[in-house]
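Enquirer: Quick one, input_32.txt (compact mmCIF, C-alpha atoms and all ligand atoms):
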# COMPACT_ATOMS: atom_id res chain seq x y z
CA MET S 1 0.00 0.00 0.00
CA ARG S 2 1.27 3.46 -0.88
CA ILE S 3 0.42 6.30 1.51
CA LEU S 4 1.10 9.94 0.63
CA PHE S 5 1.31 12.38 3.53
CA LEU S 6 1.64 16.15 3.05
CA GLY S 7 2.69 18.55 5.83
CA ASP S 8 0.81 21.60 7.14
CA ILE S 9 -0.85 23.63 4.38
CA ILE S 10 -0.14 27.35 4.96
CA GLY S 11 -2.78 29.75 3.65
CA ARG S 12 -3.81 30.35 0.07
CA PRO S 13 -0.44 29.61 -1.60
CA GLY S 14 -0.29 26.18 0.08
CA ARG S 15 -3.96 25.50 -0.61
CA ASN S 16 -3.73 26.47 -4.27
CA ALA S 17 -0.59 24.38 -4.78
CA VAL S 18 -2.22 21.31 -3.23
CA CYS S 19 -5.56 21.74 -4.99
CA GLU S 20 -3.85 22.23 -8.38
CA ARG S 21 -1.10 19.63 -8.09
CA LEU S 22 -2.41 16.87 -5.82
CA PRO S 23 -4.41 15.07 -8.53
CA GLY S 24 -1.26 14.74 -10.70
CA LEU S 25 0.95 13.94 -7.71
CA ARG S 26 -1.42 11.28 -6.49
CA GLU S 27 -1.43 9.63 -9.91
CA ARG S 28 2.32 9.93 -10.48
CA LEU S 29 3.09 8.40 -7.07
CA ALA S 30 0.30 5.79 -7.41
CA ALA S 31 -0.91 6.66 -3.90
CA ASP S 32 -3.68 4.48 -2.45
CA PHE S 33 -4.41 6.91 0.38
CA VAL S 34 -3.61 10.59 0.96
CA VAL S 35 -3.43 12.35 4.33
CA ILE S 36 -2.78 16.10 4.63
CA ASN S 37 -2.32 18.26 7.70
CA GLY S 38 -4.74 21.17 7.23
CA GLU S 39 -4.41 23.10 10.51
CA ASN S 40 -3.06 26.28 8.86
CA ALA S 41 -5.04 26.12 5.61
CA ALA S 42 -7.35 29.11 6.28
CA GLY S 43 -5.12 32.22 6.18
CA GLY S 44 -2.58 30.38 8.33
CA PHE S 45 -5.08 29.73 11.11
CA GLY S 46 -7.41 26.72 11.17
CA ILE S 47 -9.60 25.28 8.44
CA THR S 48 -13.07 26.07 7.09
CA GLU S 49 -15.58 23.52 5.81
CA GLN S 50 -15.21 24.87 2.25
CA ILE S 51 -11.44 24.44 2.36
CA PHE S 52 -11.87 20.96 3.83
CA GLN S 53 -14.19 20.11 0.92
CA ASP S 54 -11.79 21.60 -1.66
CA LEU S 55 -8.98 19.42 -0.29
CA ARG S 56 -11.23 16.35 -0.37
CA ASP S 57 -12.15 17.14 -3.98
CA ALA S 58 -8.44 17.45 -4.86
CA GLY S 59 -7.81 13.93 -3.55
CA ALA S 60 -7.19 14.11 0.21
CA ASP S 61 -8.71 11.07 1.94
CA ALA S 62 -8.20 12.38 5.48
CA ILE S 63 -7.17 15.73 6.95
CA THR S 64 -5.25 15.91 10.20
CA SER S 65 -4.68 19.01 12.30
CA GLY S 66 -3.03 20.25 15.48
CA ASN S 67 -2.99 23.13 17.93
CA HIS S 68 -4.65 25.49 15.38
CA ILE S 69 -7.68 23.23 14.77
CA TRP S 70 -10.19 25.57 16.47
CA ASP S 71 -8.83 28.90 15.10
CA GLN S 72 -11.86 29.00 12.76
CA ARG S 73 -14.65 28.58 15.28
CA ASP S 74 -16.95 26.85 12.77
CA ALA S 75 -14.67 23.82 12.96
CA LEU S 76 -16.18 23.05 16.39
CA VAL S 77 -19.47 22.44 14.58
CA PHE S 78 -18.61 21.08 11.13
CA ILE S 79 -16.13 18.53 12.49
CA GLY S 80 -19.23 16.73 13.79
CA ARG S 81 -20.39 15.99 10.24
CA GLN S 82 -16.98 15.58 8.58
CA SER S 83 -15.50 12.41 10.00
CA ARG S 84 -12.48 12.67 7.69
CA LEU S 85 -11.28 15.77 9.54
CA LEU S 86 -9.37 14.70 12.65
CA ARG S 87 -8.54 16.87 15.66
CA PRO S 88 -5.83 15.89 18.14
CA LEU S 89 -6.70 12.72 20.07
CA ASN S 90 -5.47 13.88 23.47
CA TYR S 91 -7.82 16.83 24.01
CA PRO S 92 -10.06 16.47 27.09
CA PRO S 93 -13.08 14.13 27.01
CA GLY S 94 -16.09 15.88 25.47
CA THR S 95 -14.09 17.76 22.79
CA PRO S 96 -16.01 17.74 19.47
CA GLY S 97 -14.84 15.47 16.67
CA ALA S 98 -12.49 12.49 16.81
CA GLY S 99 -8.74 12.07 17.02
CA ALA S 100 -8.64 8.81 15.09
CA GLY S 101 -10.56 7.22 12.22
CA LEU S 102 -10.57 3.96 10.28
CA PHE S 103 -10.90 4.60 6.54
CA ARG S 104 -10.99 2.45 3.39
CA ALA S 105 -8.23 3.18 0.87
CA ALA S 106 -8.42 3.01 -2.94
CA ASN S 107 -6.91 -0.49 -2.87
CA GLY S 108 -9.63 -1.73 -0.48
CA ALA S 109 -7.34 -1.82 2.57
CA GLU S 110 -8.39 -0.25 5.86
CA ILE S 111 -6.13 2.40 7.34
CA LEU S 112 -6.29 3.78 10.87
CA VAL S 113 -5.26 7.45 10.99
CA ILE S 114 -4.37 8.94 14.38
CA ASN S 115 -3.64 12.63 15.08
CA VAL S 116 -2.01 13.48 18.40
CA LEU S 117 -0.40 16.56 19.99
CA GLY S 118 2.90 16.70 21.82
CA ARG S 119 3.23 18.41 25.20
CA ILE S 120 6.77 19.82 25.19
CA PHE S 121 6.79 23.62 24.60
CA MET S 122 3.04 23.34 23.92
CA ASP S 123 -0.18 23.77 25.89
CA PRO S 124 -0.70 21.09 28.57
CA LEU S 125 -2.80 18.15 27.41
CA ASP S 126 -3.40 14.48 28.14
CA ASP S 127 -0.49 12.08 27.65
CA PRO S 128 -0.10 11.45 23.89
CA PHE S 129 1.63 8.10 24.47
CA GLN S 130 -1.26 6.71 26.53
CA ALA S 131 -3.81 8.12 24.07
CA VAL S 132 -2.11 6.39 21.12
CA GLU S 133 -1.70 3.19 23.14
CA ARG S 134 -5.47 3.05 23.72
CA GLU S 135 -6.26 3.48 20.00
CA ILE S 136 -3.68 0.96 18.79
CA SER S 137 -4.67 -1.63 21.42
CA ALA S 138 -8.29 -1.34 20.26
CA CYS S 139 -7.35 -1.60 16.56
CA PRO S 140 -4.00 -3.39 16.19
CA LEU S 141 -1.96 -3.46 13.01
CA GLY S 142 -2.71 -6.58 10.96
CA ARG S 143 -5.90 -7.43 12.87
CA GLY S 144 -7.95 -4.21 13.22
CA ALA S 145 -6.25 -2.25 10.42
CA ASP S 146 -4.13 -3.03 7.35
CA ALA S 147 -2.09 0.13 7.95
CA ILE S 148 -1.75 2.66 10.78
CA LEU S 149 -0.57 6.26 10.29
CA ILE S 150 0.17 8.51 13.26
CA ASP S 151 0.57 12.29 12.78
CA ILE S 152 2.45 13.50 15.88
CA HIS S 153 2.00 17.25 15.90
CA ALA S 154 4.71 18.52 18.20
CA GLU S 155 7.46 21.09 18.69
CA ALA S 156 10.20 18.97 20.24
CA THR S 157 12.16 16.63 17.98
CA SER S 158 12.86 14.40 20.99
CA GLU S 159 9.17 13.92 21.79
CA LYS S 160 8.40 13.00 18.18
CA GLN S 161 11.29 10.54 18.01
CA ALA S 162 10.22 9.03 21.35
CA LEU S 163 6.69 8.46 20.04
CA GLY S 164 8.11 6.85 16.90
CA ALA S 165 10.35 4.57 18.96
CA ALA S 166 7.60 3.73 21.46
CA PHE S 167 5.28 2.47 18.71
CA ASP S 168 7.94 1.04 16.39
CA GLY S 169 6.58 -2.22 14.99
CA ARG S 170 2.97 -1.40 15.91
CA ALA S 171 2.27 1.40 13.39
CA SER S 172 3.05 1.56 9.66
CA THR S 173 4.32 5.11 9.99
CA VAL S 174 4.81 7.90 12.54
CA ILE S 175 5.10 11.31 10.89
CA GLY S 176 5.93 14.55 12.67
CA THR S 177 4.25 17.87 11.83
CA HIS S 178 3.94 21.40 13.36
CA THR S 179 7.43 22.91 12.89
CA HIS S 180 6.77 23.40 9.14
CA VAL S 181 10.44 22.60 8.48
CA PRO S 182 11.18 19.28 6.77
CA THR S 183 13.81 17.14 8.48
CA ALA S 184 16.31 14.91 6.67
CA ASP S 185 15.84 11.81 8.84
CA ALA S 186 13.15 9.83 6.98
CA ARG S 187 13.88 6.18 7.72
CA VAL S 188 12.33 2.84 8.55
CA LEU S 189 12.95 2.12 12.25
CA PRO S 190 14.23 -1.34 13.33
CA GLY S 191 10.74 -2.66 14.13
CA GLY S 192 9.37 -1.68 10.71
CA THR S 193 7.71 1.71 11.34
CA ALA S 194 8.50 4.45 8.81
CA PHE S 195 9.43 7.66 10.60
CA ILE S 196 10.27 11.31 9.96
CA THR S 197 10.65 13.99 12.63
CA ASP S 198 8.87 16.59 10.49
CA ALA S 199 7.27 16.30 7.07
CA GLY S 200 7.63 20.05 6.42
CA MET S 201 4.91 22.32 5.03
CA CYS S 202 2.99 23.08 1.87
CA GLY S 203 3.68 26.79 1.69
CA ASP S 204 6.02 29.56 0.56
CA PHE S 205 9.49 28.81 1.95
CA ASP S 206 10.59 32.43 1.38
CA SER S 207 9.06 33.08 4.79
CA ILE S 208 9.34 32.29 8.48
CA ILE S 209 7.62 28.92 8.83
CA GLY S 210 5.17 29.95 6.10
CA MET S 211 4.42 33.45 7.40
CA ASP S 212 5.46 36.77 5.85
CA LYS S 213 8.86 37.59 7.37
CA ASN S 214 8.29 41.16 8.57
CA GLU S 215 6.02 40.64 11.56
CA PRO S 216 7.95 37.66 13.03
CA ILE S 217 11.22 39.63 12.77
CA ARG S 218 9.58 42.65 14.45
CA ARG S 219 8.31 40.49 17.31
CA PHE S 220 11.73 38.88 17.83
CA THR S 221 13.50 42.23 17.84
CA ALA S 222 11.17 44.92 19.22
CA ARG S 223 9.11 42.45 21.30
CA ILE S 224 5.98 44.44 20.36
CA PRO S 225 3.33 42.92 18.08
CA SER S 226 2.42 45.47 15.40
CA SER S 227 0.20 43.45 13.08
CA ARG S 228 -1.26 40.00 12.60
CA PHE S 229 0.75 37.13 11.22
CA ALA S 230 -0.09 36.61 7.55
CA PRO S 231 0.95 33.82 5.20
CA ALA S 232 3.79 34.55 2.79
CA MET S 233 2.14 34.80 -0.63
CA GLY S 234 4.87 33.54 -2.99
CA PRO S 235 4.74 30.22 -4.82
CA ALA S 236 4.37 27.24 -2.50
CA THR S 237 6.49 24.12 -2.33
CA ILE S 238 4.64 20.94 -1.46
CA CYS S 239 6.46 18.88 1.20
CA GLY S 240 5.63 15.45 2.49
CA VAL S 241 6.54 11.78 2.42
CA LEU S 242 5.51 8.69 0.51
CA VAL S 243 5.36 5.52 2.61
CA GLU S 244 5.06 2.07 1.09
CA THR S 245 3.81 -0.71 3.35
CA ASP S 246 3.87 -4.50 3.10
CA ASP S 247 0.31 -5.65 2.48
CA ALA S 248 0.90 -8.82 4.50
CA THR S 249 2.18 -7.18 7.71
CA GLY S 250 1.22 -3.50 7.42
CA LEU S 251 4.81 -2.56 8.29
CA ALA S 252 6.82 -0.14 6.16
CA LEU S 253 9.01 -1.13 3.24
CA SER S 254 10.19 2.41 2.52
CA ILE S 255 9.71 6.12 3.21
CA GLU S 256 10.77 8.78 0.73
CA PRO S 257 10.58 12.58 0.99
CA VAL S 258 8.22 14.21 -1.51
CA ARG S 259 8.93 17.72 -2.85
CA ASP S 260 6.91 19.43 -5.53
CA GLY S 261 7.51 23.00 -6.62
CA ALA S 262 10.36 25.45 -6.08
CA PRO S 263 13.46 23.97 -4.40
CA LEU S 264 13.63 25.12 -0.76
CA GLY S 265 15.68 28.29 -0.42
CA ALA S 266 15.44 29.16 -4.11
CA GLY S 267 13.79 32.45 -3.21
CA ARG S 268 12.31 34.62 -5.91
CA PRO S 269 13.86 36.81 -8.58
CA ARG S 270 14.30 40.37 -7.27
FE FE S 301 1.15 24.04 11.52
FE FE S 302 0.83 23.40 14.82
Mind converting the file's structure to structure tokens?

Expert:
Amino acid sequence: MRILFLGDIIGRPGRNAVCERLPGLRERLAADFVVINGENAAGGFGITEQIFQDLRDAGADAITSGNHIWDQRDALVFIGRQSRLLRPLNYPPGTPGAGAGLFRAANGAEILVINVLGRIFMDPLDDPFQAVEREISACPLGRGADAILIDIHAEATSEKQALGAAFDGRASTVIGTHTHVPTADARVLPGGTAFITDAGMCGDFDSIIGMDKNEPIRRFTARIPSSRFAPAMGPATICGVLVETDDATGLALSIEPVRDGAPLGAGRPR
């Protein structure tokens, strides 16, 4: 089974790039299932139902999220009718929506997608390790699901690597998101779980993590906010990974970085 995962979509440039290029990318990579992190798709903050639908129409089978999931307040309502939008699993009991879902892929296989938030340098939440343990115990790889994908949305590289190691051999892939910066450590762990610390973003890399550079620089220097953060509006690069799993075991055979668009750091002609 071939699973395509794309990192956080940042605003309109990221959205347009994914909506225009995902159908071709999906076909070229022969992906059976596509997961995209959509937490920054609406102007950098959250996701609307229309954007969710546009991403579904472009070929996304499931949309994961993170700490920005409720930035567009409507998400609290529409997540109730859109089971393919996942919010982090380890929010308190009673939070709308679900943090995990079992979906049928194009090849007929069933894939369990889990979205969980880290706790280091982030708002306090329930233990992500215990939350994932509960889901995977209830729906184990090879018996409950043909493949299991975990999106660990976290700041600290150590926490993401620890989650990958803790579930090595019990998930097909553990993929980090949230920093918007792709890491160069995509690999299959010893137990057979494909891992990357961060998949990167779908956005304009001539930016500070997808945002126009001016306001972040002002806040780091003057320490006084002077305007809202806004997405950088140049051409977006699509960043993600392609994971291939063994249909017999659900474990990973390979993980490859995916890049589509301008090379990172290419900038723009002045
Ligand atoms: Fe993000
Ligand atoms: Fe985030």

Enquirer: May I ask which of the residues S:Leu89, S:Ile10, S:Ala17, S:Ala105 is the closest one to Val35 in chain S, counting only C-alpha atoms?

Expert: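 Once distances to Val35 in chain S are computed over only C-alpha atoms, the minimum belongs to S:Ala105.
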
Enquirer: Can you pull out every residue within 12 Å of range 206-223 of chain S, counting only C-alpha atoms, but drop anything in the same chain fewer than 3 positions away, and send it as a ChimeraX atom specification?

Expert: /S:7-14,40-41,43-45,177-182,200-203,226-238,262-269

Enquirer: Would you list the contacts of range 132-143 of chain S as an NGL selection string, taking every protein, DNA or RNA residue within 8 Å and counting all atoms listed in the file, but skipping same-chain residues closer than 3 positions in sequence?

Expert: :S and (89 or 100 or 112 or 114 or 116 or 128-129 or 146-148 or 170-172 or 248-250)

Enquirer: Can I get the residues close to ligand FE 302 (chain S) as a list in words, where close means within 7 Å and we count all atoms listed in the file?

Expert: Glu39, Gly66, Asn67, His68, His153, His178 and Thr179 of chain S

Enquirer: Can you write out the residues you just picked, keeping C-alpha atoms, as a tab-separated table (two decimals), in the coordinates of the input?

Expert:
chain	number	residue	atom	x	y	z
S	39	GLU	CA	-4.41	23.10	10.51
S	66	GLY	CA	-3.03	20.25	15.48
S	67	ASN	CA	-2.99	23.13	17.93
S	68	HIS	CA	-4.65	25.49	15.38
S	153	HIS	CA	2.00	17.25	15.90
S	178	HIS	CA	3.94	21.40	13.36
S	179	THR	CA	7.43	22.91	12.89

Enquirer: Between CA of Lys160 in chain S and CA of Ile51 in chain S, what is the distance, to one decimal in Å?

Expert: 27.8 Å

Enquirer: With distances taken over all atoms listed in the file, which of S:Ala31, S:Ala194, S:Ile36, S:Val258 is nearest to ligand FE 301 (chain S)?

Expert: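 Checking each of S:Ala31, S:Ala194, S:Ile36, S:Val258 against ligand FE 301 (chain S), counting all atoms listed in the file, the winner is S:Ile36.
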
Enquirer: Rank nothing, just name the residue among S:Ala199, S:Ala30, S:Cys239, S:Met1 nearest to Ser254 in chain S, using all atoms listed in the file.

Expert: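 Closest to Ser254 in chain S, using all atoms listed in the file: S:Met1.
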
Enquirer: So, counting only C-alpha atoms, which residue among S:Phe33, S:Leu6, S:Tyr91, S:Ala154 is closest to Asp126 in chain S?

Expert: S:Tyr91

Enquirer: Of the candidates S:Ala166, S:Asp123, S:Arg26, S:Asp198, which one gets nearest to ligand FE 301 (chain S) if we count all atoms listed in the file?

Expert: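 Of all the options, S:Asp198 lies closest to ligand FE 301 (chain S).
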
Enquirer: One decimal, in Å: what's the spacing between CA of Gly99 in chain S and CA of Leu117 in chain S?

Expert: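 Going from CA of Gly99 in chain S over to CA of Leu117 in chain S covers 9.9 Å.
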
Enquirer: Nearest to ligand FE 301 (chain S) among S:Cys19, S:Ala58, S:Leu29, S:Ile152, with distances taken over only C-alpha atoms and all ligand atoms: which residue is it?

Expert: S:Ile152

Enquirer: When you draw a straight line from CA of Asn107 in chain S to CA of Val34 in chain S, how long is it in Å?

Expert: 12.2 Å

Enquirer: Taking the point (6.5, 4.7, -2.9) as given in the file, collect each protein or nucleic acid residue that comes within 7 Å of it, counting all atoms listed in the file, and present the set as a PyMOL selection string.

Expert: chain S and resi 2+29+242-244+254+256

Enquirer: Near Phe195 in chain S, counting only C-alpha atoms, which residues have an atom at most 7 Å away, once you skip same-chain residues fewer than 4 positions from it, shown as a list in words?

Expert: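 Non-adjacent residues within range: Gly164, Thr173, Val174, Ile175, Ala186, Arg187, Val188 and Leu189 of chain S.
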